[in-house]
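Peer 1: Structure: final22.tsv, TSV, C-alpha atoms and all ligand atoms.
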chain	number	residue	atom	x	y	z
A	117	MET	CA	-10.03	15.62	9.10
A	118	ASN	CA	-12.73	16.62	6.66
A	119	ALA	CA	-16.17	16.34	8.21
A	120	LYS	CA	-17.93	16.81	4.89
A	121	ASN	CA	-20.29	14.01	4.10
A	122	SER	CA	-20.65	12.61	0.62
A	123	ASP	CA	-24.20	11.41	1.34
A	124	SER	CA	-26.24	14.59	1.69
A	125	HIS	CA	-29.10	12.70	3.41
A	126	MET	CA	-26.91	11.70	6.34
A	127	THR	CA	-26.38	14.01	9.28
A	128	THR	CA	-22.90	14.78	10.59
A	129	ARG	CA	-21.68	15.83	14.01
A	130	ARG	CA	-20.24	19.32	13.78
A	131	ALA	CA	-18.06	21.25	16.25
A	132	VAL	CA	-19.98	24.54	16.44
A	133	ILE	CA	-18.52	27.68	18.02
A	134	LYS	CA	-20.56	28.86	20.99
A	135	GLY	CA	-18.35	31.49	22.56
A	136	ILE	CA	-15.03	33.31	22.35
A	137	GLY	CA	-12.86	35.22	24.81
A	138	SER	CA	-9.34	36.56	25.07
A	139	TYR	CA	-6.99	38.26	27.48
A	140	LEU	CA	-3.93	40.47	27.18
A	141	PRO	CA	-1.69	41.29	30.15
A	142	GLU	CA	-1.97	44.88	31.35
A	143	ARG	CA	1.60	45.95	30.61
A	144	VAL	CA	2.19	47.30	27.09
A	145	MET	CA	5.72	47.41	25.71
A	146	THR	CA	6.17	49.77	22.74
A	147	ASN	CA	8.93	49.66	20.13
A	148	ASP	CA	10.42	52.76	21.77
A	149	ASP	CA	10.53	50.87	25.09
A	150	LEU	CA	12.47	48.09	23.33
A	151	ALA	CA	14.88	50.59	21.78
A	152	LYS	CA	16.00	51.38	25.35
A	153	ILE	CA	16.97	47.71	25.88
A	154	VAL	CA	18.49	46.65	22.53
A	155	ASP	CA	19.96	48.42	19.49
A	156	THR	CA	16.76	48.83	17.47
A	157	SER	CA	14.23	51.48	16.48
A	158	ASP	CA	10.49	51.92	16.13
A	159	GLU	CA	11.05	52.53	12.41
A	160	TRP	CA	12.99	49.27	11.85
A	161	ILE	CA	10.47	47.11	13.73
A	162	ARG	CA	7.43	48.68	12.02
A	163	GLU	CA	8.95	48.43	8.56
A	164	ARG	CA	10.17	44.83	8.84
A	165	THR	CA	7.32	43.35	10.92
A	166	GLY	CA	4.34	45.72	11.20
A	167	ILE	CA	4.58	45.43	15.00
A	168	VAL	CA	4.00	48.63	17.04
A	169	GLN	CA	3.52	47.21	20.53
A	170	ARG	CA	3.09	43.96	22.47
A	171	HIS	CA	1.77	42.97	25.92
A	172	ILE	CA	4.04	41.45	28.58
A	173	ALA	CA	2.85	39.34	31.52
A	174	ALA	CA	3.45	40.73	35.01
A	175	ASP	CA	5.98	39.07	37.31
A	176	GLY	CA	4.37	35.90	38.63
A	177	GLU	CA	1.54	36.00	36.05
A	178	THR	CA	1.63	32.56	34.44
A	179	THR	CA	0.30	31.00	31.23
A	180	SER	CA	-2.53	29.39	33.23
A	181	ASP	CA	-3.48	32.82	34.66
A	182	LEU	CA	-3.77	34.26	31.14
A	183	ALA	CA	-5.64	31.15	29.95
A	184	MET	CA	-8.11	31.33	32.85
A	185	HIS	CA	-9.15	34.90	31.97
A	186	ALA	CA	-9.68	33.94	28.30
A	187	ALA	CA	-11.56	30.74	29.24
A	188	GLN	CA	-13.90	32.51	31.65
A	189	ARG	CA	-14.67	35.17	29.05
A	190	ALA	CA	-15.36	32.50	26.39
A	191	LEU	CA	-17.68	30.61	28.78
A	192	ALA	CA	-19.55	33.83	29.62
A	193	ASP	CA	-19.86	34.60	25.89
A	194	ALA	CA	-21.28	31.10	25.31
A	195	GLY	CA	-23.68	31.48	28.26
A	196	MET	CA	-22.35	28.19	29.62
A	197	GLN	CA	-21.21	26.98	33.03
A	198	ALA	CA	-17.72	25.52	33.43
A	199	ASN	CA	-19.11	22.15	34.53
A	200	GLU	CA	-20.75	21.69	31.11
A	201	ILE	CA	-17.25	21.38	29.59
A	202	ASP	CA	-16.02	17.79	29.13
A	203	LEU	CA	-12.71	18.48	27.35
A	204	ILE	CA	-10.06	21.19	27.65
A	205	ILE	CA	-7.22	21.42	25.13
A	206	LEU	CA	-4.58	24.06	25.78
A	207	ALA	CA	-2.12	24.95	23.04
A	208	THR	CA	1.07	26.30	24.57
A	209	SER	CA	4.86	26.10	24.33
A	210	THR	CA	5.27	27.98	27.61
A	211	PRO	CA	3.56	25.75	30.21
A	212	ASP	CA	3.51	26.63	33.92
A	213	ASN	CA	5.48	23.46	34.70
A	214	THR	CA	7.22	20.79	32.63
A	215	PHE	CA	4.40	18.52	33.75
A	216	PRO	CA	1.52	18.01	34.44
A	217	ALA	CA	-0.23	19.63	31.49
A	218	THR	CA	-1.19	23.24	32.25
A	219	ALA	CA	-4.67	22.33	30.95
A	220	THR	CA	-5.21	20.22	34.09
A	221	ALA	CA	-4.48	23.28	36.28
A	222	ILE	CA	-7.12	25.18	34.31
A	223	GLN	CA	-9.55	22.26	34.68
A	224	ALA	CA	-9.10	22.34	38.47
A	225	ARG	CA	-9.35	26.13	38.69
A	226	LEU	CA	-12.62	25.98	36.73
A	227	GLY	CA	-13.88	23.39	39.24
A	228	ILE	CA	-14.29	20.66	36.61
A	229	THR	CA	-13.79	17.10	37.91
A	230	HIS	CA	-15.07	15.09	34.94
A	231	GLY	CA	-13.88	14.71	31.35
A	232	ALA	CA	-10.27	15.32	30.29
A	233	ALA	CA	-7.70	18.07	29.85
A	234	PHE	CA	-4.38	18.07	28.03
A	235	ASP	CA	-1.84	20.34	26.34
A	236	ILE	CA	-0.76	20.42	22.72
A	237	GLN	CA	2.62	21.74	21.66
A	238	ALA	CA	2.97	22.83	18.05
A	239	VAL	CA	4.43	26.27	18.81
A	240	CYS	CA	2.76	29.01	16.73
A	241	SER	CA	0.51	26.45	14.99
A	242	GLY	CA	-0.66	25.12	18.37
A	243	PHE	CA	-4.15	26.58	18.29
A	244	ILE	CA	-4.81	25.14	14.81
A	245	PHE	CA	-3.54	21.71	15.94
A	246	ALA	CA	-5.71	21.95	19.10
A	247	LEU	CA	-8.81	22.93	17.13
A	248	ASN	CA	-8.32	20.08	14.65
A	249	THR	CA	-7.82	17.65	17.56
A	250	ALA	CA	-10.94	18.94	19.32
A	251	ASN	CA	-12.92	18.55	16.10
A	252	SER	CA	-11.76	14.94	15.70
A	253	LEU	CA	-12.72	14.04	19.28
A	254	MET	CA	-16.07	15.78	18.89
A	255	ILE	CA	-17.12	14.25	15.58
A	256	THR	CA	-16.20	10.77	16.87
A	257	GLY	CA	-18.45	11.31	19.89
A	258	GLN	CA	-15.73	11.44	22.55
A	259	ALA	CA	-16.50	15.01	23.66
A	260	ASP	CA	-19.56	17.26	23.52
A	261	ASN	CA	-18.57	20.65	24.93
A	262	VAL	CA	-14.97	21.67	24.51
A	263	LEU	CA	-12.77	24.55	25.58
A	264	VAL	CA	-9.87	25.13	23.18
A	265	ILE	CA	-7.34	27.65	24.49
A	266	GLY	CA	-4.14	29.16	23.13
A	267	ALA	CA	-2.05	30.83	25.84
A	268	GLU	CA	1.59	31.90	25.99
A	269	THR	CA	4.14	33.77	28.08
A	270	PHE	CA	6.86	33.95	25.40
A	271	SER	CA	8.45	36.88	27.28
A	272	ARG	CA	9.91	34.21	29.61
A	273	ILE	CA	11.84	32.42	26.84
A	274	LEU	CA	13.11	35.46	24.94
A	275	ASP	CA	16.75	36.48	24.90
A	276	TRP	CA	16.29	40.17	25.76
A	277	GLU	CA	19.76	40.86	24.36
A	278	ASP	CA	18.94	39.45	20.88
A	279	ARG	CA	17.32	42.23	18.82
A	280	GLY	CA	16.56	39.75	16.03
A	281	THR	CA	13.99	37.91	18.16
A	282	CYS	CA	12.96	39.86	21.29
A	283	VAL	CA	11.18	42.53	19.24
A	284	LEU	CA	8.83	40.01	17.63
A	285	PHE	CA	6.91	38.30	20.42
A	286	GLY	CA	4.32	39.11	23.08
A	287	ASP	CA	2.14	37.41	25.73
A	288	GLY	CA	-1.60	36.69	25.65
A	289	ALA	CA	-4.40	34.13	25.54
A	290	GLY	CA	-7.54	33.35	23.55
A	291	ALA	CA	-10.22	30.68	23.91
A	292	LEU	CA	-13.16	29.15	22.07
A	293	VAL	CA	-16.07	27.11	23.43
A	294	LEU	CA	-17.37	24.54	20.96
A	295	SER	CA	-20.41	22.26	21.20
A	296	ALA	CA	-21.20	19.19	19.11
A	297	GLU	CA	-24.38	19.62	17.07
A	298	GLU	CA	-26.02	17.70	14.27
A	299	GLY	CA	-25.44	19.24	10.86
A	300	SER	CA	-26.53	18.30	7.35
A	301	GLY	CA	-23.00	17.44	6.24
A	302	GLU	CA	-23.03	20.31	3.76
A	303	ASN	CA	-20.81	23.38	3.75
A	304	SER	CA	-23.84	25.45	4.78
A	305	ASP	CA	-23.55	23.92	8.29
A	306	ARG	CA	-22.22	26.06	11.11
A	307	GLY	CA	-19.02	24.77	12.76
A	308	ILE	CA	-15.75	23.27	11.59
A	309	LEU	CA	-16.03	22.18	7.95
A	310	ALA	CA	-12.46	21.13	7.17
A	311	GLY	CA	-8.97	21.18	8.57
A	312	LYS	CA	-5.43	20.00	7.97
A	313	VAL	CA	-2.18	19.83	9.96
A	314	ARG	CA	1.37	19.44	8.66
A	315	SER	CA	4.94	19.40	9.92
A	316	ASP	CA	8.45	18.94	8.56
A	317	GLY	CA	11.04	18.25	11.25
A	318	ARG	CA	13.96	18.80	8.91
A	319	HIS	CA	13.58	22.47	9.92
A	320	TYR	CA	13.76	21.72	13.69
A	321	ASP	CA	16.69	24.11	14.29
A	322	LYS	CA	15.40	27.08	12.29
A	323	LEU	CA	13.12	28.18	15.15
A	324	TYR	CA	13.71	26.49	18.49
A	325	VAL	CA	14.50	26.93	22.18
A	326	ASP	CA	18.10	26.07	23.12
A	327	GLY	CA	17.21	24.27	26.34
A	328	GLY	CA	14.99	21.45	27.54
A	329	VAL	CA	14.29	18.83	30.15
A	330	SER	CA	16.11	15.96	28.51
A	331	SER	CA	18.91	17.89	26.83
A	332	THR	CA	20.15	20.64	29.15
A	333	GLN	CA	17.84	20.52	32.19
A	334	THR	CA	17.25	24.25	31.62
A	335	VAL	CA	14.39	26.20	30.10
A	336	GLY	CA	16.49	27.83	27.37
A	337	LYS	CA	15.96	30.82	25.10
A	338	LEU	CA	14.27	31.19	21.72
A	339	ARG	CA	16.63	31.04	18.71
A	340	MET	CA	15.62	31.74	15.14
A	341	GLN	CA	17.03	31.94	11.63
A	342	GLY	CA	14.65	34.78	10.68
A	343	PRO	CA	15.13	34.92	6.91
A	344	GLU	CA	14.84	31.09	6.66
A	345	VAL	CA	11.56	31.12	8.61
A	346	PHE	CA	10.28	33.93	6.41
A	347	LYS	CA	11.11	32.05	3.22
A	348	HIS	CA	9.19	28.90	4.24
A	349	ALA	CA	6.27	30.74	5.88
A	350	VAL	CA	4.68	32.20	2.74
A	351	LYS	CA	5.07	28.90	0.84
A	352	ASN	CA	3.67	26.68	3.62
A	353	ILE	CA	0.81	28.99	4.56
A	354	SER	CA	-0.26	29.45	0.93
A	355	SER	CA	-0.29	25.70	0.29
A	356	ILE	CA	-2.23	24.81	3.46
A	357	ILE	CA	-4.89	27.45	2.74
A	358	SER	CA	-5.38	26.08	-0.80
A	359	GLU	CA	-5.42	22.44	0.39
A	360	THR	CA	-7.98	23.14	3.12
A	361	ALA	CA	-10.26	25.02	0.71
A	362	GLU	CA	-9.94	22.09	-1.70
A	363	ILE	CA	-10.92	19.54	1.00
A	364	ALA	CA	-14.12	21.50	1.60
A	365	GLY	CA	-14.66	22.08	-2.12
A	366	ILE	CA	-14.80	25.85	-1.84
A	367	THR	CA	-13.05	28.65	-3.73
A	368	MET	CA	-11.02	31.40	-2.07
A	369	ASP	CA	-13.68	33.97	-3.10
A	370	GLU	CA	-16.25	32.23	-0.90
A	371	VAL	CA	-14.20	32.84	2.28
A	372	ASP	CA	-15.51	35.88	4.16
A	373	TRP	CA	-12.56	36.26	6.58
A	374	PHE	CA	-8.98	35.06	6.77
A	375	VAL	CA	-7.67	34.98	10.34
A	376	PRO	CA	-3.96	34.16	10.11
A	377	HIS	CA	-1.36	33.56	12.78
A	378	GLN	CA	0.04	37.02	13.50
A	379	ALA	CA	3.80	36.61	13.06
A	380	ASN	CA	4.72	39.40	10.72
A	381	LYS	CA	2.77	41.78	8.46
A	382	ARG	CA	5.16	41.11	5.58
A	383	ILE	CA	4.41	37.36	5.72
A	384	LEU	CA	0.68	38.15	5.65
A	385	ASP	CA	1.12	40.52	2.70
A	386	GLY	CA	3.26	37.96	0.84
A	387	THR	CA	0.63	35.24	1.33
A	388	ALA	CA	-2.19	37.57	0.25
A	389	ARG	CA	-0.27	38.46	-2.93
A	390	LYS	CA	0.51	34.83	-3.74
A	391	LEU	CA	-3.09	33.66	-3.30
A	392	LYS	CA	-4.64	36.92	-4.59
A	393	LEU	CA	-6.62	37.33	-1.34
A	394	ALA	CA	-8.57	40.55	-0.85
A	395	PRO	CA	-6.58	42.51	1.79
A	396	GLU	CA	-9.79	43.81	3.39
A	397	LYS	CA	-10.77	40.21	4.25
A	398	ILE	CA	-7.61	39.62	6.31
A	399	VAL	CA	-7.77	40.25	10.06
A	400	ILE	CA	-4.57	41.87	11.31
A	401	THR	CA	-3.64	42.38	14.97
A	402	VAL	CA	0.14	41.90	14.81
A	403	ASP	CA	0.56	45.68	15.16
A	404	LYS	CA	-1.01	45.66	18.63
A	405	HIS	CA	-0.19	42.13	19.91
A	406	GLY	CA	3.10	41.14	18.27
A	407	ASN	CA	3.50	37.39	17.77
A	408	THR	CA	1.74	35.67	20.68
A	409	SER	CA	2.41	32.19	19.24
A	410	ALA	CA	-0.48	29.78	20.01
A	411	ALA	CA	-2.61	32.66	21.34
A	412	SER	CA	-2.47	34.79	18.20
A	413	VAL	CA	-5.27	33.22	16.14
A	414	PRO	CA	-7.95	33.23	18.88
A	415	LEU	CA	-6.85	36.75	19.95
A	416	ALA	CA	-7.27	38.02	16.36
A	417	LEU	CA	-10.56	36.13	15.96
A	418	ASP	CA	-11.91	37.72	19.16
A	419	VAL	CA	-11.01	41.22	17.95
A	420	ALA	CA	-12.84	40.69	14.63
A	421	VAL	CA	-15.90	39.14	16.31
A	422	LYS	CA	-16.17	41.86	18.97
A	423	ASP	CA	-15.81	44.72	16.47
A	424	GLY	CA	-18.61	43.21	14.37
A	425	ARG	CA	-16.62	42.15	11.31
A	426	ILE	CA	-17.15	38.38	11.74
A	427	LYS	CA	-20.85	37.59	11.94
A	428	LYS	CA	-22.90	34.44	12.41
A	429	ASN	CA	-22.73	32.18	9.32
A	430	ASP	CA	-19.60	33.86	7.89
A	431	LEU	CA	-17.07	31.48	6.35
A	432	VAL	CA	-13.76	31.89	8.21
A	433	LEU	CA	-10.36	30.42	7.39
A	434	LEU	CA	-7.79	30.18	10.19
A	435	GLU	CA	-4.15	29.33	9.50
A	436	ALA	CA	-0.77	29.24	11.22
A	437	MET	CA	2.85	28.23	10.83
A	438	GLY	CA	5.49	27.80	13.51
A	439	GLY	CA	8.54	26.03	14.87
A	440	GLY	CA	9.11	22.43	13.82
A	441	PHE	CA	8.17	23.53	11.22
A	442	THR	CA	4.48	22.98	11.83
A	443	TRP	CA	1.61	24.48	9.86
A	444	GLY	CA	-2.10	24.00	9.49
A	445	ALA	CA	-5.51	25.48	8.76
A	446	VAL	CA	-9.15	25.23	9.80
A	447	LEU	CA	-12.17	26.26	7.74
A	448	LEU	CA	-15.29	26.98	9.75
A	449	ARG	CA	-18.65	28.63	9.48
A	450	TRP	CA	-19.04	31.04	12.42
B	501	LIG	C1	13.16	38.62	11.79
B	501	LIG	C2	13.03	39.44	10.53
B	501	LIG	C3	12.06	40.60	10.76
B	501	LIG	C4	14.39	40.01	10.17
B	501	LIG	O1	14.29	40.77	9.00
B	501	LIG	P1	15.32	40.53	7.81
B	501	LIG	O2	15.03	41.55	6.80
B	501	LIG	O3	15.24	39.09	7.40
B	501	LIG	O4	16.66	40.88	8.53
B	501	LIG	P2	17.99	40.01	8.73
B	501	LIG	O5	17.76	38.98	9.79
B	501	LIG	O6	18.48	39.54	7.39
B	501	LIG	O7	18.92	41.14	9.29
B	501	LIG	C5	19.18	42.32	8.55
B	501	LIG	C6	19.90	43.29	9.45
B	501	LIG	O8	18.99	43.84	10.43
B	501	LIG	C7	19.56	43.68	11.72
B	501	LIG	N1	18.49	43.55	12.71
B	501	LIG	C8	17.88	42.41	13.13
B	501	LIG	N2	16.98	42.71	14.05
B	501	LIG	C9	16.98	44.05	14.20
B	501	LIG	C10	16.25	44.94	15.00
B	501	LIG	N3	15.29	44.53	15.85
B	501	LIG	N4	16.52	46.26	14.90
B	501	LIG	C11	17.44	46.72	14.06
B	501	LIG	N5	18.18	45.91	13.26
B	501	LIG	C12	17.95	44.59	13.33
B	501	LIG	C13	20.43	42.47	11.62
B	501	LIG	O9	21.40	42.45	12.63
B	501	LIG	C14	21.03	42.65	10.24
B	501	LIG	O10	22.06	43.58	10.35
B	501	LIG	P3	23.42	43.39	9.48
B	501	LIG	O11	22.98	43.44	8.05
B	501	LIG	O12	24.22	44.55	9.93
B	501	LIG	O13	23.95	42.06	9.89
B	501	LIG	C15	12.52	38.56	9.34
B	501	LIG	O14	13.51	37.64	8.96
B	501	LIG	C16	11.28	37.82	9.68
B	501	LIG	O15	10.24	38.40	9.88
B	501	LIG	N6	11.36	36.46	9.74
B	501	LIG	C17	10.25	35.66	10.13
B	501	LIG	C18	10.19	35.65	11.61
B	501	LIG	C19	8.93	35.10	12.16
B	501	LIG	O16	7.87	35.55	11.83
B	501	LIG	N7	9.08	34.12	13.05
B	501	LIG	C20	8.00	33.53	13.73
B	501	LIG	C21	7.28	32.57	12.86
B	501	LIG	S1	6.06	31.76	13.79
Can you present the structure in this file as structure tokens?
Ligand SMILES: CC(C)(COP(=O)(O)OP(=O)(O)OC[C@H]1O[C@@H](n2cnc3c(N)ncnc32)[C@H](O)[C@@H]1OP(=O)(O)O)[C@@H](O)C(=O)NCCC(=O)NCCS
Peer 2:
Amino acid sequence: MNAKNSDSHMTTRRAVIKGIGSYLPERVMTNDDLAKIVDTSDEWIRERTGIVQRHIAADGETTSDLAMHAAQRALADAGMQANEIDLIILATSTPDNTFPATATAIQARLGITHGAAFDIQAVCSGFIFALNTANSLMITGQADNVLVIGAETFSRILDWEDRGTCVLFGDGAGALVLSAEEGSGENSDRGILAGKVRSDGRHYDKLYVDGGVSSTQTVGKLRMQGPEVFKHAVKNISSIISETAEIAGITMDEVDWFVPHQANKRILDGTARKLKLAPEKIVITVDKHGNTSAASVPLALDVAVKDGRIKKNDLVLLEAMGGGFTWGAVLLRW
């Protein structure tokens, strides 16, 4: 998926970021709130995960509701009208309905009747998979202005009696608006410069939901072998970051900001140690958001853009790992 061009005289279509927006449900659930439901403590959760609080969707507030808020904020940030969008990709594992794709509900609610909309399901890596897919469709000329959204209501698939999992996740949404522009083909271009997606289905049952349409005809609850996920996370994330940097021909020192999937502070610290990344370059929001699965990367990105850390022309590396296992990364110039 590398868009880098070997012939420096040729121009290349680039997927350039035009706007960003995010949304968190109003209700905040603290670790102390959780300690009233399951046998846990603020101290245990903070120490093992870095999480202090998470947001939980209100009764009846759906993934598409969260996604709509984020999408409208991203469009406003881009200064664009909804009808300029010709592709919507929503990354989610918690769709409103089994089908149609929740992205089509968002398309209709935005009043868009042209172009296409579809969902991508790669669990916590969903936003990275969606962004890489958007980039591919944009550089091949199939889409010009694209809304890429990550939105989840994981609170609906948690087992609120399982302290090993219910303390980790939260709800939220984040969105990017991207437009295709001509670039030089060099790494100095703004937009997506390189990306890579991976999966290894041998680990299917290490992080999964124990229900489904074809198997049980139920929604099911999230199940996880925590220590197993932890073990693979640092290894997979470290390798995908290095591979993506190599595709673009850049060194780790050249990256201004690392925006990782926010699963667990200890995974982020482990990756930083392994790759010798400067801790001050890593954007961390897991303390405030918990793990919002496909929403976590755009939520973290929005925080770092709005507080002025990420500026125009900064080199930003996004990465994620999730159930499947799936993992991936995107290198872009903001
Ligand atoms: C989930 C995770 C925090 C658990 O930490 P851990 O150190 O591996 O803990 P273990 O699962 O080995 O459990 C250790 C003990 O803590 C207990 N425990 C688990 N959750 C607890 C909680 N919320 N509060 C208090 N104790 C808890 C366990 O029951 C176990 O007790 P025992 O020794 O009496 O049996 C850790 O494995 C992890 O972060 N894994 C990655 C998860 C992740 O990020 N998933 C999403 C990826 S997208």
Peer 1: Please determine, counting all atoms listed in the file, which residue among A:Ile265, A:Leu431, A:Ala410, A:Ile133 has the shortest atom-to-atom distance to Lys397 (chain A).
Peer 2: A:Leu431
Peer 1: What's the separation between CA of Arg189 (chain A) and CA of Ile136 (chain A), in Å to one decimal place?
Peer 2: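 One can read the CA of Arg189 (chain A) to CA of Ile136 (chain A) distance as 7.0 Å.
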Peer 1: Just how far from CA of Cys240 (chain A) is CA of Ala411 (chain A), in Å to one decimal?
Peer 2: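 Distance between the two atoms: 8.0 Å.
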Peer 1: Chain A near ligand LIG 501 (chain B) within 6 Å: what's each residue's closest atom pair and its distance in Å to one decimal, counting all atoms listed in the file, ordered by chain then ascending residue number, as a Markdown table?
Peer 2:
| residue | atom | partner | partner_atom | distance |
| --- | --- | --- | --- | --- |
| A:Thr156 | CA | B:LIG501 | N4 | 3.6 |
| A:Ser157 | CA | B:LIG501 | N4 | 5.9 |
| A:Trp160 | CA | B:LIG501 | N4 | 5.6 |
| A:Ile161 | CA | B:LIG501 | N3 | 5.9 |
| A:Arg164 | CA | B:LIG501 | C3 | 5.0 |
| A:Thr165 | CA | B:LIG501 | C3 | 5.5 |
| A:Cys240 | CA | B:LIG501 | S1 | 5.2 |
| A:Arg279 | CA | B:LIG501 | N3 | 4.3 |
| A:Gly280 | CA | B:LIG501 | N2 | 3.6 |
| A:Val283 | CA | B:LIG501 | N3 | 5.7 |
| A:Gly342 | CA | B:LIG501 | O14 | 3.5 |
| A:Pro343 | CA | B:LIG501 | O14 | 3.8 |
| A:Val345 | CA | B:LIG501 | C17 | 5.0 |
| A:Phe346 | CA | B:LIG501 | C17 | 4.1 |
| A:Ala379 | CA | B:LIG501 | O16 | 4.4 |
| A:Asn380 | CA | B:LIG501 | O16 | 5.1 |
| A:Met437 | CA | B:LIG501 | S1 | 5.6 |
| A:Gly438 | CA | B:LIG501 | S1 | 4.0 |
Peer 1: Go through A:Leu434, A:Cys282, A:Leu206, A:Ile357 one by one, measure the shortest atom-to-atom distance of each to Ala186 (chain A) using only C-alpha atoms, and give the residue with the smallest value.
Peer 2: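 Closest candidate: A:Leu206.
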Peer 1: Using CA of Pro414 (chain A) and CA of Asp175 (chain A) as the two end points, give the distance in Å to one decimal.
Peer 2: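 Distance between the two atoms: 23.8 Å.
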Peer 1: Restricting the calculation to only C-alpha atoms, which member of A:Val132, A:Val350, A:Ala394, A:Ile244 is positioned closest to Asp260 (chain A)?
Peer 2: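 Comparing A:Val132, A:Val350, A:Ala394, A:Ile244 against Asp260 (chain A), the winner is A:Val132.
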Peer 1: Measuring atom to atom with all atoms listed in the file, identify which of A:Leu284, A:Val239, A:Leu182, A:Leu292 is nearest to Met145 (chain A).
Peer 2: A:Leu284
Peer 1: Smallest atom-to-atom distance to Gly166 (chain A): which of A:Leu391, A:Val421, A:Ile228, A:Ile383, using all atoms listed in the file?
Peer 2: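 Of all the options, A:Ile383 lies closest to Gly166 (chain A).
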Peer 1: Padding of 3 Å on every side, edges along x, y and z, all listed atoms of region 176-190 of chain A included: what centre and edge lengths in Å, to one decimal, does that box have, as lines of an AutoDock Vina configuration file?
Peer 2:
center_x = -5.5
center_y = 32.7
center_z = 32.5
size_x = 25.7
size_y = 12.6
size_z = 18.2
Peer 1: Would you mind listing what lies within 8 Å of Ile308 (chain A) as an mmCIF file with C-alpha atoms, in the frame of the given file, with only C-alpha atoms counted and same-chain residues fewer than 6 positions away left out?
Peer 2:
data_model
loop_
_atom_site.group_PDB
_atom_site.id
_atom_site.type_symbol
_atom_site.label_atom_id
_atom_site.label_comp_id
_atom_site.auth_asym_id
_atom_site.auth_seq_id
_atom_site.Cartn_x
_atom_site.Cartn_y
_atom_site.Cartn_z
ATOM 1 C CA ALA A 119 -16.170 16.340 8.210
ATOM 2 C CA ARG A 130 -20.240 19.320 13.780
ATOM 3 C CA ALA A 131 -18.060 21.250 16.250
ATOM 4 C CA VAL A 132 -19.980 24.540 16.440
ATOM 5 C CA ASN A 251 -12.920 18.550 16.100
ATOM 6 C CA VAL A 446 -9.150 25.230 9.800
ATOM 7 C CA LEU A 447 -12.170 26.260 7.740
ATOM 8 C CA LEU A 448 -15.290 26.980 9.750
ATOM 9 C CA ARG A 449 -18.650 28.630 9.480
#
Peer 1: May I have the residues within 7 Å of Gly440 (chain A) as a list in words, using only C-alpha atoms and disregarding those fewer than 2 positions away in the same chain?
Peer 2: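 The residues satisfying every condition are Ser315, Asp316, Gly317, His319, Tyr320, Gly438 and Thr442 of chain A.
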Peer 1: Need the shell around Gly288 (chain A): protein/DNA/RNA residues with any atom at most 7 Å away, counting only C-alpha atoms. Skip same-chain ones fewer than 4 positions apart. Format as an mmCIF file with C-alpha atoms, in the frame of the given file?
Peer 2:
data_model
loop_
_atom_site.group_PDB
_atom_site.id
_atom_site.type_symbol
_atom_site.label_atom_id
_atom_site.label_comp_id
_atom_site.auth_asym_id
_atom_site.auth_seq_id
_atom_site.Cartn_x
_atom_site.Cartn_y
_atom_site.Cartn_z
ATOM 1 C CA TYR A 139 -6.990 38.260 27.480
ATOM 2 C CA LEU A 140 -3.930 40.470 27.180
ATOM 3 C CA PRO A 141 -1.690 41.290 30.150
ATOM 4 C CA LEU A 182 -3.770 34.260 31.140
ATOM 5 C CA ALA A 267 -2.050 30.830 25.840
ATOM 6 C CA GLU A 268 1.590 31.900 25.990
ATOM 7 C CA THR A 269 4.140 33.770 28.080
ATOM 8 C CA THR A 408 1.740 35.670 20.680
ATOM 9 C CA ALA A 411 -2.610 32.660 21.340
#
Peer 1: So which residues touch Val325 (chain A) within 12 Å, counting only C-alpha atoms, skipping near sequence neighbours fewer than 3 positions away, as a PyMOL selection string?
Peer 2: chain A and resi 209-210+239+270+272-275+281+320-322+328-329+331-332+334-341+439-440
Peer 1: Considering all atoms listed in the file, state which residue in the set A:Asn261, A:Gln333, A:Gln378, A:Asn199 is at the smallest distance from Thr214 (chain A).
Peer 2: A:Gln333
Peer 1: What lies within 8 Å of Val413 (chain A) using only C-alpha atoms, ignoring chain neighbours under 3 positions off, as a list in words?
Peer 2: Phe243, Gly290, Val375, Pro376, His377, Gln378, Ala410, Ala416, Leu417, Leu434, Glu435 and Ala436 of chain A
Peer 1: Can I get region 332-338 of chain A with N, CA and C atoms filled in, as a PDB file, in the coordinates of the input?
Peer 2:
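Written output follows (rebuild_14.pdb):
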ATOM      1  N   THR A 332      19.292  19.754  28.340  1.00  0.00           N
ATOM      2  CA  THR A 332      20.150  20.640  29.150  1.00  0.00           C
ATOM      3  C   THR A 332      19.676  20.816  30.586  1.00  0.00           C
ATOM      4  N   GLN A 333      18.483  20.319  30.880  1.00  0.00           N
ATOM      5  CA  GLN A 333      17.840  20.520  32.190  1.00  0.00           C
ATOM      6  C   GLN A 333      17.661  22.010  32.507  1.00  0.00           C
ATOM      7  N   THR A 334      17.551  22.825  31.460  1.00  0.00           N
ATOM      8  CA  THR A 334      17.250  24.250  31.620  1.00  0.00           C
ATOM      9  C   THR A 334      16.072  24.601  30.722  1.00  0.00           C
ATOM     10  N   VAL A 335      15.527  25.789  30.939  1.00  0.00           N
ATOM     11  CA  VAL A 335      14.390  26.200  30.100  1.00  0.00           C
ATOM     12  C   VAL A 335      14.872  26.629  28.716  1.00  0.00           C
ATOM     13  N   GLY A 336      15.938  27.385  28.654  1.00  0.00           N
ATOM     14  CA  GLY A 336      16.490  27.830  27.370  1.00  0.00           C
ATOM     15  C   GLY A 336      15.859  29.103  26.845  1.00  0.00           C
ATOM     16  N   LYS A 337      16.429  29.583  25.744  1.00  0.00           N
ATOM     17  CA  LYS A 337      15.960  30.820  25.100  1.00  0.00           C
ATOM     18  C   LYS A 337      15.624  30.555  23.643  1.00  0.00           C
ATOM     19  N   LEU A 338      14.709  31.342  23.110  1.00  0.00           N
ATOM     20  CA  LEU A 338      14.270  31.190  21.720  1.00  0.00           C
ATOM     21  C   LEU A 338      15.392  31.593  20.751  1.00  0.00           C
TER      22      LEU A 338
END
